[in-house]
$ cat coords29.cif   # mmCIF, C-alpha atoms and all ligand atoms
data_entry
loop_
_atom_site.group_PDB
_atom_site.id
_atom_site.type_symbol
_atom_site.label_atom_id
_atom_site.label_comp_id
_atom_site.auth_asym_id
_atom_site.auth_seq_id
_atom_site.Cartn_x
_atom_site.Cartn_y
_atom_site.Cartn_z
ATOM 1 C CA MET D 29 2.199 -26.257 23.740
ATOM 2 C CA ILE D 30 4.071 -28.298 21.160
ATOM 3 C CA ILE D 31 4.399 -31.918 22.333
ATOM 4 C CA GLU D 32 5.699 -33.545 19.115
ATOM 5 C CA TYR D 33 7.722 -32.253 16.162
ATOM 6 C CA HIS D 34 7.880 -33.958 12.755
ATOM 7 C CA ARG D 35 9.717 -32.901 9.591
ATOM 8 C CA PRO D 36 8.542 -35.262 6.815
ATOM 9 C CA LYS D 37 10.133 -35.317 3.373
ATOM 10 C CA THR D 38 7.017 -36.244 1.380
ATOM 11 C CA ILE D 39 3.501 -34.917 1.069
ATOM 12 C CA GLU D 40 2.107 -38.450 1.609
ATOM 13 C CA GLU D 41 3.873 -38.709 4.975
ATOM 14 C CA THR D 42 2.666 -35.224 5.875
ATOM 15 C CA ILE D 43 -0.951 -36.088 5.111
ATOM 16 C CA SER D 44 -0.694 -39.328 7.118
ATOM 17 C CA LEU D 45 0.559 -37.381 10.137
ATOM 18 C CA LEU D 46 -2.146 -34.717 9.727
ATOM 19 C CA SER D 47 -4.823 -37.432 9.546
ATOM 20 C CA ARG D 48 -4.123 -38.588 13.129
ATOM 21 C CA GLU D 49 -6.856 -37.763 15.606
ATOM 22 C CA ASP D 50 -4.659 -38.104 18.659
ATOM 23 C CA PRO D 51 -2.589 -36.103 19.296
ATOM 24 C CA CYS D 52 -4.125 -33.146 17.472
ATOM 25 C CA THR D 53 -1.652 -32.605 14.615
ATOM 26 C CA VAL D 54 -1.306 -29.394 12.617
ATOM 27 C CA VAL D 55 0.974 -27.907 9.968
ATOM 28 C CA LEU D 56 3.878 -25.788 11.161
ATOM 29 C CA GLY D 57 4.745 -22.945 8.774
ATOM 30 C CA GLY D 58 6.814 -20.225 10.393
ATOM 31 C CA GLY D 59 5.243 -20.969 13.782
ATOM 32 C CA LEU D 60 4.566 -17.314 14.608
ATOM 33 C CA TYR D 61 0.861 -17.814 15.103
ATOM 34 C CA LEU D 62 1.131 -21.331 16.569
ATOM 35 C CA ASN D 63 3.719 -20.266 19.150
ATOM 36 C CA GLU D 64 1.870 -17.143 20.241
ATOM 37 C CA LYS D 65 -1.769 -18.086 20.021
ATOM 38 C CA VAL D 66 -2.238 -21.835 20.432
ATOM 39 C CA LYS D 67 -2.322 -22.869 24.091
ATOM 40 C CA THR D 68 -3.560 -26.476 23.720
ATOM 41 C CA GLN D 69 -1.278 -29.509 23.299
ATOM 42 C CA ILE D 70 -0.450 -30.051 19.620
ATOM 43 C CA ALA D 71 1.858 -32.116 17.456
ATOM 44 C CA VAL D 72 3.332 -30.139 14.583
ATOM 45 C CA VAL D 73 4.386 -31.162 11.086
ATOM 46 C CA ASP D 74 7.068 -28.830 9.787
ATOM 47 C CA ILE D 75 6.763 -28.405 6.002
ATOM 48 C CA GLN D 76 10.227 -26.993 5.370
ATOM 49 C CA SER D 77 11.597 -30.212 3.779
ATOM 50 C CA LEU D 78 8.733 -30.526 1.265
ATOM 51 C CA GLY D 79 10.143 -28.109 -1.315
ATOM 52 C CA LEU D 80 7.135 -25.807 -1.007
ATOM 53 C CA ASP D 81 9.286 -22.685 -0.999
ATOM 54 C CA THR D 82 9.463 -21.923 -4.721
ATOM 55 C CA ILE D 83 8.022 -19.065 -6.777
ATOM 56 C CA GLU D 84 7.337 -19.627 -10.487
ATOM 57 C CA THR D 85 5.650 -17.608 -13.195
ATOM 58 C CA LYS D 86 3.795 -19.625 -15.848
ATOM 59 C CA GLY D 87 1.582 -17.993 -18.462
ATOM 60 C CA ASN D 88 -0.307 -15.293 -16.636
ATOM 61 C CA LYS D 89 -0.017 -16.870 -13.194
ATOM 62 C CA HIS D 90 2.438 -16.602 -10.340
ATOM 63 C CA ILE D 91 2.610 -19.942 -8.510
ATOM 64 C CA LEU D 92 3.727 -19.401 -4.942
ATOM 65 C CA GLY D 93 4.673 -22.343 -2.718
ATOM 66 C CA ALA D 94 2.779 -22.475 0.570
ATOM 67 C CA GLY D 95 6.065 -22.450 2.486
ATOM 68 C CA VAL D 96 7.447 -19.350 0.763
ATOM 69 C CA LYS D 97 8.655 -16.895 3.410
ATOM 70 C CA LEU D 98 7.229 -13.396 3.246
ATOM 71 C CA GLN D 99 10.694 -11.918 2.623
ATOM 72 C CA GLN D 100 11.024 -14.169 -0.470
ATOM 73 C CA LEU D 101 8.003 -12.406 -1.990
ATOM 74 C CA ILE D 102 9.861 -9.102 -1.739
ATOM 75 C CA ASP D 103 13.158 -10.551 -3.008
ATOM 76 C CA PHE D 104 11.487 -12.184 -6.056
ATOM 77 C CA ASP D 105 10.928 -8.678 -7.409
ATOM 78 C CA GLN D 106 8.252 -9.559 -10.010
ATOM 79 C CA LEU D 107 5.115 -9.693 -7.903
ATOM 80 C CA PRO D 108 2.468 -6.957 -7.872
ATOM 81 C CA SER D 109 3.812 -3.912 -6.032
ATOM 82 C CA ALA D 110 0.581 -3.750 -4.011
ATOM 83 C CA LEU D 111 1.276 -7.242 -2.639
ATOM 84 C CA ILE D 112 4.797 -6.177 -1.700
ATOM 85 C CA SER D 113 3.438 -3.045 0.023
ATOM 86 C CA SER D 114 1.043 -5.198 2.032
ATOM 87 C CA VAL D 115 3.881 -7.545 3.060
ATOM 88 C CA LYS D 116 6.005 -4.614 4.260
ATOM 89 C CA HIS D 117 3.003 -3.173 6.046
ATOM 90 C CA GLN D 118 1.982 -6.408 7.805
ATOM 91 C CA GLU D 119 5.278 -7.835 9.033
ATOM 92 C CA THR D 120 8.637 -6.511 10.169
ATOM 93 C CA TYR D 121 11.906 -7.633 8.512
ATOM 94 C CA ASN D 122 12.720 -10.223 11.201
ATOM 95 C CA ARG D 123 9.245 -11.758 11.210
ATOM 96 C CA ARG D 124 9.233 -11.879 7.400
ATOM 97 C CA GLN D 125 12.137 -14.379 7.544
ATOM 98 C CA ALA D 126 9.931 -16.837 9.464
ATOM 99 C CA ALA D 127 6.310 -16.245 8.455
ATOM 100 C CA THR D 128 5.080 -18.306 5.503
ATOM 101 C CA LEU D 129 2.625 -17.209 2.862
ATOM 102 C CA ALA D 130 0.083 -19.957 3.619
ATOM 103 C CA GLY D 131 0.308 -19.438 7.396
ATOM 104 C CA THR D 132 -0.305 -15.738 6.858
ATOM 105 C CA ALA D 133 -3.260 -16.251 4.512
ATOM 106 C CA ILE D 134 -4.849 -18.847 6.798
ATOM 107 C CA THR D 135 -4.641 -16.716 9.957
ATOM 108 C CA ALA D 136 -6.208 -13.635 8.296
ATOM 109 C CA ASP D 137 -8.306 -11.421 10.467
ATOM 110 C CA GLY D 138 -10.216 -8.320 9.433
ATOM 111 C CA ARG D 139 -7.163 -6.098 9.750
ATOM 112 C CA SER D 140 -4.655 -8.245 7.817
ATOM 113 C CA PRO D 141 -3.114 -6.435 4.812
ATOM 114 C CA ILE D 142 -1.625 -9.433 2.936
ATOM 115 C CA PRO D 143 -4.827 -11.525 2.846
ATOM 116 C CA ALA D 144 -6.715 -8.387 1.715
ATOM 117 C CA VAL D 145 -4.464 -8.056 -1.345
ATOM 118 C CA LEU D 146 -4.548 -11.829 -1.999
ATOM 119 C CA LEU D 147 -8.348 -11.653 -1.940
ATOM 120 C CA ALA D 148 -8.344 -8.712 -4.384
ATOM 121 C CA LEU D 149 -6.133 -10.839 -6.660
ATOM 122 C CA ASP D 150 -8.704 -13.659 -6.376
ATOM 123 C CA ALA D 151 -5.937 -15.959 -5.121
ATOM 124 C CA GLU D 152 -6.535 -19.698 -5.358
ATOM 125 C CA LEU D 153 -5.249 -22.264 -2.884
ATOM 126 C CA GLU D 154 -4.195 -25.753 -3.912
ATOM 127 C CA ILE D 155 -4.983 -28.118 -1.054
ATOM 128 C CA VAL D 156 -4.110 -31.784 -0.635
ATOM 129 C CA GLY D 157 -6.318 -33.828 1.671
ATOM 130 C CA LYS D 158 -6.731 -37.262 3.190
ATOM 131 C CA ASN D 159 -7.604 -38.855 -0.169
ATOM 132 C CA LYS D 160 -4.239 -37.493 -1.471
ATOM 133 C CA GLN D 161 -6.108 -35.697 -4.289
ATOM 134 C CA SER D 162 -5.492 -31.988 -4.716
ATOM 135 C CA GLU D 163 -8.303 -29.465 -5.003
ATOM 136 C CA MET D 164 -8.322 -25.785 -5.929
ATOM 137 C CA ILE D 165 -10.302 -23.329 -3.841
ATOM 138 C CA HIS D 166 -10.568 -19.563 -4.055
ATOM 139 C CA LEU D 167 -9.344 -17.760 -0.932
ATOM 140 C CA GLY D 168 -12.748 -16.048 -0.693
ATOM 141 C CA ASP D 169 -14.486 -19.436 -0.472
ATOM 142 C CA PHE D 170 -11.869 -20.817 1.913
ATOM 143 C CA LEU D 171 -11.682 -18.141 4.626
ATOM 144 C CA PRO D 172 -15.240 -18.374 6.005
ATOM 145 C CA PHE D 173 -14.895 -22.170 6.399
ATOM 146 C CA ARG D 174 -11.189 -22.404 7.105
ATOM 147 C CA GLU D 175 -11.415 -24.548 10.250
ATOM 148 C CA ASN D 176 -13.267 -27.314 8.386
ATOM 149 C CA LYS D 177 -11.235 -26.909 5.223
ATOM 150 C CA LEU D 178 -7.951 -27.294 7.104
ATOM 151 C CA GLU D 179 -8.760 -30.445 9.065
ATOM 152 C CA GLY D 180 -6.181 -33.022 7.950
ATOM 153 C CA ASN D 181 -5.360 -30.933 4.881
ATOM 154 C CA LEU D 182 -2.228 -29.274 3.592
ATOM 155 C CA VAL D 183 -2.136 -26.102 1.505
ATOM 156 C CA ILE D 184 0.637 -26.615 -1.044
ATOM 157 C CA LYS D 185 0.360 -23.612 -3.380
ATOM 158 C CA ILE D 186 -1.197 -20.197 -3.650
ATOM 159 C CA ILE D 187 -1.790 -19.000 -7.207
ATOM 160 C CA ILE D 188 -2.296 -15.379 -8.210
ATOM 161 C CA PRO D 189 -2.634 -13.719 -11.625
ATOM 162 C CA SER D 190 0.400 -11.985 -13.096
ATOM 163 C CA ASN D 191 -1.538 -9.762 -15.513
ATOM 164 C CA THR D 192 -3.510 -7.506 -13.155
ATOM 165 C CA LYS D 193 -2.913 -3.955 -12.067
ATOM 166 C CA THR D 194 -3.300 -3.879 -8.311
ATOM 167 C CA ALA D 195 -3.310 -1.120 -5.694
ATOM 168 C CA TYR D 196 -3.307 -1.139 -1.886
ATOM 169 C CA HIS D 197 -4.010 1.931 0.259
ATOM 170 C CA TYR D 198 -4.711 2.213 3.966
ATOM 171 C CA ALA D 199 -5.180 4.521 6.918
ATOM 172 C CA ALA D 200 -3.783 3.633 10.360
ATOM 173 C CA ARG D 201 -2.862 5.420 13.591
ATOM 174 C CA SER D 202 0.783 5.277 12.466
ATOM 175 C CA PRO D 203 2.361 3.991 9.214
ATOM 176 C CA ALA D 204 3.450 0.695 10.804
ATOM 177 C CA ASP D 205 0.225 0.076 12.717
ATOM 178 C CA ARG D 206 -2.460 -2.299 11.498
ATOM 179 C CA PRO D 207 -5.022 -0.622 9.223
ATOM 180 C CA ILE D 208 -8.155 0.985 10.592
ATOM 181 C CA ILE D 209 -9.333 0.924 7.013
ATOM 182 C CA ALA D 210 -7.660 -0.477 3.892
ATOM 183 C CA ALA D 211 -8.641 -0.969 0.257
ATOM 184 C CA ALA D 212 -7.093 -3.471 -2.154
ATOM 185 C CA VAL D 213 -8.180 -3.266 -5.789
ATOM 186 C CA SER D 214 -7.207 -5.436 -8.770
ATOM 187 C CA GLN D 215 -8.068 -4.854 -12.403
ATOM 188 C CA TRP D 216 -7.605 -7.436 -15.162
ATOM 189 C CA PRO D 217 -6.890 -6.532 -18.832
ATOM 190 C CA SER D 218 -10.574 -7.314 -19.590
ATOM 191 C CA GLY D 219 -11.640 -4.547 -17.187
ATOM 192 C CA ARG D 220 -12.772 -7.022 -14.520
ATOM 193 C CA THR D 221 -12.347 -5.235 -11.202
ATOM 194 C CA ARG D 222 -12.231 -6.696 -7.697
ATOM 195 C CA VAL D 223 -12.418 -4.482 -4.637
ATOM 196 C CA VAL D 224 -11.623 -5.689 -1.107
ATOM 197 C CA LEU D 225 -11.820 -3.808 2.184
ATOM 198 C CA ALA D 226 -9.970 -4.564 5.419
ATOM 199 C CA GLY D 227 -9.639 -2.898 8.809
ATOM 200 C CA TYR D 228 -12.688 -4.361 10.496
ATOM 201 C CA GLY D 229 -14.323 -7.679 11.413
ATOM 202 C CA ASP D 230 -13.108 -11.277 11.166
ATOM 203 C CA GLN D 231 -11.631 -11.189 7.680
ATOM 204 C CA PRO D 232 -11.157 -8.861 4.711
ATOM 205 C CA VAL D 233 -14.344 -8.538 2.637
ATOM 206 C CA MET D 234 -14.783 -8.520 -1.119
ATOM 207 C CA VAL D 235 -17.223 -5.723 -1.953
ATOM 208 C CA LEU D 236 -17.151 -5.776 -5.761
ATOM 209 C CA ASP D 237 -16.177 -8.239 -8.480
ATOM 210 C CA GLY D 238 -17.559 -6.832 -11.719
ATOM 211 C CA PRO D 239 -16.805 -6.375 -15.420
ATOM 212 C CA ASP D 240 -15.530 -2.854 -14.664
ATOM 213 C CA ALA D 241 -15.101 -0.476 -11.722
ATOM 214 C CA GLY D 242 -18.623 0.949 -11.923
ATOM 215 C CA GLY D 243 -20.193 1.425 -8.488
ATOM 216 C CA ALA D 244 -16.993 0.558 -6.615
ATOM 217 C CA GLU D 245 -17.040 3.584 -4.299
ATOM 218 C CA ILE D 246 -20.719 3.129 -3.442
ATOM 219 C CA ALA D 247 -20.188 -0.589 -2.813
ATOM 220 C CA ALA D 248 -17.259 0.202 -0.493
ATOM 221 C CA ARG D 249 -19.217 2.829 1.419
ATOM 222 C CA ASP D 250 -22.199 0.456 1.827
ATOM 223 C CA ALA D 251 -20.057 -2.497 2.905
ATOM 224 C CA TYR D 252 -18.568 -0.565 5.835
ATOM 225 C CA SER D 253 -21.685 1.485 6.693
ATOM 226 C CA GLU D 254 -22.007 -0.358 10.020
ATOM 227 C CA ALA D 255 -18.309 -1.060 10.596
ATOM 228 C CA GLY D 256 -17.903 0.836 13.859
ATOM 229 C CA ASP D 257 -15.745 -0.328 16.793
ATOM 230 C CA GLN D 258 -13.279 1.022 19.366
ATOM 231 C CA TRP D 259 -10.812 2.027 16.628
ATOM 232 C CA ALA D 260 -13.089 4.054 14.334
ATOM 233 C CA SER D 261 -16.726 4.976 13.781
ATOM 234 C CA ALA D 262 -18.704 3.366 10.974
ATOM 235 C CA GLU D 263 -19.180 6.810 9.432
ATOM 236 C CA TYR D 264 -15.401 7.360 9.260
ATOM 237 C CA ARG D 265 -14.750 3.881 7.839
ATOM 238 C CA ALA D 266 -17.468 4.205 5.183
ATOM 239 C CA ASP D 267 -16.171 7.627 4.054
ATOM 240 C CA ALA D 268 -12.522 6.560 4.127
ATOM 241 C CA ALA D 269 -13.316 3.301 2.270
ATOM 242 C CA ALA D 270 -14.756 5.290 -0.649
ATOM 243 C CA VAL D 271 -11.726 7.618 -0.683
ATOM 244 C CA LEU D 272 -9.206 4.742 -0.608
ATOM 245 C CA VAL D 273 -11.033 2.857 -3.357
ATOM 246 C CA ARG D 274 -11.006 6.015 -5.522
ATOM 247 C CA ARG D 275 -7.304 6.495 -4.805
ATOM 248 C CA SER D 276 -6.610 2.863 -5.754
ATOM 249 C CA LEU D 277 -8.597 3.141 -9.011
ATOM 250 C CA ASN D 278 -6.804 6.399 -9.900
ATOM 251 C CA GLN D 279 -3.446 4.739 -9.297
ATOM 252 C CA ILE D 280 -4.431 1.800 -11.506
ATOM 253 C CA ALA D 281 -5.636 4.187 -14.256
ATOM 254 C CA GLU D 282 -2.398 6.206 -14.089
ATOM 255 C CA ASN D 283 -0.372 3.011 -14.526
ATOM 256 C CA ASN D 284 -2.076 2.257 -17.855
HETATM 257 C C1 LIG U 301 1.921 -11.859 18.137
HETATM 258 C C2 LIG U 301 1.396 -11.755 16.730
HETATM 259 C C3 LIG U 301 1.351 -10.516 16.144
HETATM 260 C C4 LIG U 301 0.838 -10.386 14.856
HETATM 261 N N1 LIG U 301 0.803 -9.150 14.332
HETATM 262 C C5 LIG U 301 0.200 -8.994 13.160
HETATM 263 C C6 LIG U 301 0.060 -7.701 12.614
HETATM 264 O O1 LIG U 301 0.494 -6.718 13.191
HETATM 265 N N2 LIG U 301 -0.592 -7.567 11.442
HETATM 266 C C7 LIG U 301 -1.129 -8.647 10.817
HETATM 267 O O2 LIG U 301 -1.784 -8.451 9.808
HETATM 268 N N3 LIG U 301 -0.944 -9.884 11.274
HETATM 269 C C8 LIG U 301 -0.308 -10.092 12.432
HETATM 270 N N4 LIG U 301 -0.170 -11.357 12.925
HETATM 271 C C9 LIG U 301 -0.556 -12.498 12.113
HETATM 272 C C10 LIG U 301 0.720 -13.055 11.488
HETATM 273 O O3 LIG U 301 1.060 -12.300 10.340
HETATM 274 C C11 LIG U 301 0.521 -14.479 11.084
HETATM 275 O O4 LIG U 301 0.083 -15.166 12.235
HETATM 276 C C12 LIG U 301 1.787 -15.169 10.573
HETATM 277 O O5 LIG U 301 2.233 -14.539 9.401
HETATM 278 C C13 LIG U 301 1.555 -16.641 10.407
HETATM 279 O O6 LIG U 301 2.537 -17.235 9.535
HETATM 280 P P1 LIG U 301 3.341 -18.540 9.991
HETATM 281 O O7 LIG U 301 3.954 -19.112 8.772
HETATM 282 O O8 LIG U 301 4.230 -18.238 11.124
HETATM 283 O O9 LIG U 301 2.122 -19.482 10.433
HETATM 284 P P2 LIG U 301 2.099 -20.669 11.503
HETATM 285 O O10 LIG U 301 2.044 -20.127 12.883
HETATM 286 O O11 LIG U 301 3.124 -21.686 11.219
HETATM 287 O O12 LIG U 301 0.669 -21.300 11.103
HETATM 288 C C14 LIG U 301 -0.517 -20.534 11.220
HETATM 289 C C15 LIG U 301 -1.728 -21.451 11.002
HETATM 290 O O13 LIG U 301 -1.789 -21.876 9.648
HETATM 291 C C16 LIG U 301 -1.689 -23.318 9.574
HETATM 292 N N5 LIG U 301 -0.830 -23.586 8.412
HETATM 293 C C17 LIG U 301 0.370 -22.988 8.133
HETATM 294 N N6 LIG U 301 0.821 -23.399 6.946
HETATM 295 C C18 LIG U 301 -0.101 -24.284 6.461
HETATM 296 C C19 LIG U 301 -0.207 -25.070 5.267
HETATM 297 N N7 LIG U 301 0.730 -25.026 4.304
HETATM 298 N N8 LIG U 301 -1.284 -25.866 5.112
HETATM 299 C C20 LIG U 301 -2.242 -25.922 6.054
HETATM 300 N N9 LIG U 301 -2.207 -25.215 7.201
HETATM 301 C C21 LIG U 301 -1.159 -24.405 7.402
HETATM 302 C C22 LIG U 301 -1.066 -23.744 10.886
HETATM 303 O O14 LIG U 301 -1.413 -25.073 11.207
HETATM 304 C C23 LIG U 301 -1.681 -22.731 11.839
HETATM 305 O O15 LIG U 301 -3.003 -23.091 12.152
HETATM 306 C C24 LIG U 301 0.364 -11.525 14.163
HETATM 307 C C25 LIG U 301 0.441 -12.792 14.759
HETATM 308 C C26 LIG U 301 0.946 -12.895 16.029
HETATM 309 C C27 LIG U 301 1.012 -14.251 16.663
#

$ encode --input "coords29.cif" --output "structure tokens"
Amino acid sequence: MIIEYHRPKTIEETISLLSREDPCTVVLGGGLYLNEKVKTQIAVVDIQSLGLDTIETKGNKHILGAGVKLQQLIDFDQLPSALISSVKHQETYNRRQAATLAGTAITADGRSPIPAVLLALDAELEIVGKNKQSEMIHLGDFLPFRENKLEGNLVIKIIIPSNTKTAYHYAARSPADRPIIAAAVSQWPSGRTRVVLAGYGDQPVMVLDGPDAGGAEIAARDAYSEAGDQWASAEYRADAAAVLVRRSLNQIAENN
């Protein structure tokens, strides 16, 4: 339950509020997760007056404000089509008007399409903490430790490359359902290839980050060789992971 609401105009004020121990104070993005899932008493700090809702392209990077709404990613029209596909897959039109990019990345679970594509893009988070200094952290290093990394901290930007070819493919019980198995693959001009799987577990997993795509299908099959649960057997997931990775690599090759 939300017991206090703040809407600061500066990052300094935001960090001061987040540093309080009592009441427990957290960032409010779109509030979808906080409203549905958090049952304890919390104070919230709404970030909508901080100007964190911009999208810029500089050099070969897209710099996405933490408070960018998911629908803005679609409307910007210059982001990787795989990221846009994952946004349309994960959230409906109405929810896309509220959900923020940072809130969505932070609440990733194993079946979350958008964080899977962000991880394939090797997204970096810019975080400001109690000492008011900002630090960069890769999403892959952030997710396993997110509870500690978030304490008193504010994500201000998410940075992704603008020069990759990226593909996202999934299988689900219906097109709008969450994936039972998904593959997100990015390839840089150098040939560097990152492969991420989703559909199982606590968070999407990176299964390959190499100088080229060699071994990607085998790595995908191995990574999900024990990924069985009520939705699908491990055998199905391992087979389908290899197929979806191949499909993603073919799509990337065809776009050359
Ligand atoms: C009922 C429900 C159904 C869902 N269905 C799906 C689904 O089908 N598929 C799927 O993949 N996902 C699903 N999700 C996950 C959903 O996509 C995300 O929870 C949502 O996008 C969160 O975005 P938000 O901006 O509303 O986050 P909020 O609720 O505002 O915040 C989420 C968390 O992130 C923290 N936070 C937010 N912004 C920042 C910041 N800038 N800095 C630091 N911390 C921050 C908050 O403190 C909070 O802990 C579902 C969630 C719910 C509650």

$ closest_residue --input "coords29.cif" --among "D:Ile134, D:Val145, D:Ala260, D:Leu107" --to "ligand LIG 301 (chain U)" --atoms "all atoms listed in the file"
D:Ile134

$ resolve_selection --input "coords29.cif" --expression "the PyMOL selection byres (((chain D and resi 224) around 8) and not hetatm)" --output "list of chain:residue names"
D:Ala144, D:Val145, D:Leu147, D:Ala148, D:Ala211, D:Ala212, D:Val213, D:Arg222, D:Val223, D:Leu225, D:Ala226, D:Pro232, D:Val233, D:Met234, D:Val235, D:Leu236

$ axis_aligned_box --input "coords29.cif" --around "region 147-151 of chain D" --padding-each-side "8 Å" --output "AutoDock Vina command-line options"
--center_x -7.3 --center_y -12.3 --center_z -4.3 --size_x 18.8 --size_y 23.2 --size_z 20.7

$ residues_around --input "coords29.cif" --residues "region 31-48 of chain D" --least-positions-apart "6" --cutoff "6 Å" --atoms "all atoms listed in the file" --output "PyMOL selection string"
chain D and resi 70-74+77-78+180

$ closest_residue --input "coords29.cif" --among "D:Thr194, D:Gln279, D:Asn63, D:Asn122" --to "ligand LIG 301 (chain U)" --atoms "all atoms listed in the file"
D:Asn63

$ closest_residue --input "coords29.cif" --among "D:Ala126, D:Ile75, D:Leu146, D:Ala247" --to "Leu98 (chain D)" --atoms "all atoms listed in the file"
D:Ala126

$ atom_distance --input "coords29.cif" --atom1 "CA of Glu263 (chain D)" --atom2 "CA of Asn278 (chain D)"
23.0 Å

$ residues_near_ligand --input "coords29.cif" --ligand "ligand LIG 301 (chain U)" --cutoff "7 Å" --atoms "all atoms listed in the file" --output "JSON, numbers by chain"
{"D": [54, 55, 56, 57, 58, 59, 60, 61, 62, 63, 64, 65, 94, 95, 118, 119, 126, 127, 128, 129, 130, 131, 132, 134, 135, 136, 139, 140, 141, 142, 178, 181, 182, 183, 184, 205, 206]}

$ atom_distance --input "coords29.cif" --atom1 "CA of Trp216 (chain D)" --atom2 "CA of Thr192 (chain D)"
4.6 Å

$ closest_residue --input "coords29.cif" --among "D:Asn176, D:His90, D:Ala133, D:Leu272" --to "Gln106 (chain D)" --atoms "only C-alpha atoms"
D:His90

$ residues_around --input "coords29.cif" --residues "Trp259 (chain D)" --least-positions-apart "2" --cutoff "12 Å" --atoms "all atoms listed in the file" --output "number ranges by chain"
D: 139, 199-201, 205-209, 227-229, 255-257, 261-262, 264-265

$ build_atoms --input "coords29.cif" --residues "region 172-186 of chain D" --atoms "N, CA and C atoms" --output "short mmCIF file (atom, residue, chain, number, x, y, z; two decimals), in the frame of the given file"
data_model
loop_
_atom_site.label_atom_id
_atom_site.label_comp_id
_atom_site.auth_asym_id
_atom_site.auth_seq_id
_atom_site.Cartn_x
_atom_site.Cartn_y
_atom_site.Cartn_z
N PRO D 172 -14.12 -18.24 5.06
CA PRO D 172 -15.24 -18.37 6.00
C PRO D 172 -15.34 -19.77 6.61
N PHE D 173 -14.76 -20.78 5.93
CA PHE D 173 -14.90 -22.17 6.40
C PHE D 173 -13.53 -22.76 6.73
N ARG D 174 -12.58 -21.92 7.06
CA ARG D 174 -11.19 -22.40 7.10
C ARG D 174 -10.95 -23.51 8.12
N GLU D 175 -11.68 -23.49 9.26
CA GLU D 175 -11.42 -24.55 10.25
C GLU D 175 -11.73 -25.92 9.67
N ASN D 176 -12.90 -26.03 9.00
CA ASN D 176 -13.27 -27.31 8.39
C ASN D 176 -12.35 -27.66 7.23
N LYS D 177 -12.03 -26.65 6.43
CA LYS D 177 -11.24 -26.91 5.22
C LYS D 177 -9.82 -27.35 5.57
N LEU D 178 -9.35 -26.99 6.76
CA LEU D 178 -7.95 -27.29 7.10
C LEU D 178 -7.78 -28.65 7.76
N GLU D 179 -8.89 -29.21 8.28
CA GLU D 179 -8.76 -30.44 9.06
C GLU D 179 -8.10 -31.56 8.25
N GLY D 180 -6.90 -31.94 8.64
CA GLY D 180 -6.18 -33.02 7.95
C GLY D 180 -5.63 -32.63 6.59
N ASN D 181 -5.75 -31.36 6.23
CA ASN D 181 -5.36 -30.93 4.88
C ASN D 181 -4.11 -30.07 4.90
N LEU D 182 -3.45 -30.05 3.75
CA LEU D 182 -2.23 -29.27 3.59
C LEU D 182 -2.39 -28.34 2.40
N VAL D 183 -2.18 -27.04 2.63
CA VAL D 183 -2.14 -26.10 1.50
C VAL D 183 -0.75 -26.24 0.89
N ILE D 184 -0.69 -26.48 -0.43
CA ILE D 184 0.64 -26.62 -1.04
C ILE D 184 1.02 -25.42 -1.92
N LYS D 185 0.04 -24.74 -2.50
CA LYS D 185 0.36 -23.61 -3.38
C LYS D 185 -0.68 -22.52 -3.24
N ILE D 186 -0.26 -21.31 -3.53
CA ILE D 186 -1.20 -20.20 -3.65
C ILE D 186 -0.92 -19.57 -5.01
#
